[in-house]
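All remarks here apply to the structure that follows.
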Amino acid sequence: MGGLGGEIGRAVSLLMALACLVIARFFGSGEAFHLVVIVVVLPLGCIWYGNEIGSFAGMPASGDGGVGNVAGVIITVVGWAVLFAMLANIVFSAFGSSR
């Protein structure tokens with residue numbers, strides 16, 4: 001992820017990860033917070049370094065396209081999906097249950 005779009009994506013993903021951590025800290029148990037701290041690293045890594053991880057698909061991720069770029073995009077999209085799902089799960093767990 002390079003350029004302005006990459007930096008915005010990284011900032012948004014970091015804000016989402018911090019929202020997960022804050023909600024888990026204040027509305028969940030200590031055990032839930034520690035679990036979120038551990039689990040939030042994987043989608044952030046996929047979002048931030050998707051192209052680099054995708055370059056391990058056999059072809060380098062170059063500007064000309066190729067397998068590395070496609071794999072990198074897929075890894076980045078999966079990272080975003082996992083991060084959105086984690087945030088939704090934490091929000092619904094914290095605010096959706098009737099206590």
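Scheme for the structure tokens: letters A, B, ... for chains in order shown; per-chain residue numbers from 1; ligand numbers from 1 in order shown.
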Which polymer residues have any atom within 12 Å of an atom of A:Phe92, counting only C-alpha atoms, with same-chain residues fewer than 6 positions away left out, as a PyMOL selection string? chain A and resi 20+23-24+27-28+85-86+98
Could the residues of stretch 2-28 of chain A that have an atom at most 12 Å from stretch 75-78 of chain A be listed as CSV, each with its closest atom pair and the distance in Å to one decimal, counting only C-alpha atoms and ordered by chain and ascending residue number?
```
residue,atom,partner,partner_atom,distance
A:Gly6,CA,A:Thr76,CA,11.1
A:Gly9,CA,A:Thr76,CA,10.3
A:Arg10,CA,A:Thr76,CA,11.0
A:Ser13,CA,A:Thr76,CA,11.0
```
Can you spit out the residues from that selection as an mmCIF file, in the first residue's frame, using N, CA and C atoms?
```cif
data_model
loop_
_atom_site.group_PDB
_atom_site.id
_atom_site.type_symbol
_atom_site.label_atom_id
_atom_site.label_comp_id
_atom_site.auth_asym_id
_atom_site.auth_seq_id
_atom_site.Cartn_x
_atom_site.Cartn_y
_atom_site.Cartn_z
ATOM 1 N N GLY A 6 -3.022 4.469 0.444
ATOM 2 C CA GLY A 6 -2.490 3.484 1.375
ATOM 3 C C GLY A 6 -2.377 4.030 2.782
ATOM 4 N N GLY A 9 -5.865 4.245 4.234
ATOM 5 C CA GLY A 9 -6.303 2.902 4.599
ATOM 6 C C GLY A 9 -5.662 2.416 5.888
ATOM 7 N N ARG A 10 -4.387 2.710 6.023
ATOM 8 C CA ARG A 10 -3.700 2.314 7.258
ATOM 9 C C ARG A 10 -4.255 3.075 8.466
ATOM 10 N N SER A 13 -7.761 1.672 9.279
ATOM 11 C CA SER A 13 -7.667 0.354 9.904
ATOM 12 C C SER A 13 -7.129 0.456 11.327
#
```
Measuring atom to atom with only C-alpha atoms, identify which of A:Val22, A:Leu15, A:Val41, A:Ile8 is nearest to A:Ile90. A:Val22
Which residue gives the smallest distance to A:Ile47 among A:Val70, A:Trp80, A:Ala19, A:Phe33, with only C-alpha atoms counted?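 Result for the nearest residue to A:Ile47: A:Trp80.
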How many Å lie between atom CA of A:Ile38 and atom CA of A:Leu21, rounded to one decimal?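 Atom-to-atom, atom CA of A:Ile38 to atom CA of A:Leu21, that is 10.3 Å.
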Gap from atom CA of A:Gly54 to atom CA of A:Ala81 - Å, one decimal: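 These atoms are spaced 16.8 Å apart.
Minimum atom-to-atom distance to A:Leu18, evaluated using only C-alpha atoms, belongs to A:Leu87 out of A:Leu87, A:Phe95, A:Gly30, A:Val82.
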Run DSSP on the backbone and tell me which residues of stretch 17-91 of chain A come out as alpha helix (DSSP H); list them as a PyMOL selection string. chain A and resi 17-27+30-39+41-48+50-54+67-91
Give me, as a ChimeraX atom specification, all polymer residues having an atom no more than 8 Å from A:Leu83, counting only C-alpha atoms and skipping those fewer than 4 positions away in the same chain. /A:13,16-17,40,43-44,79,87
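Computed from the coordinates, the atom CA of A:Ser93 to atom CA of A:Arg25 distance equals 12.5 Å.
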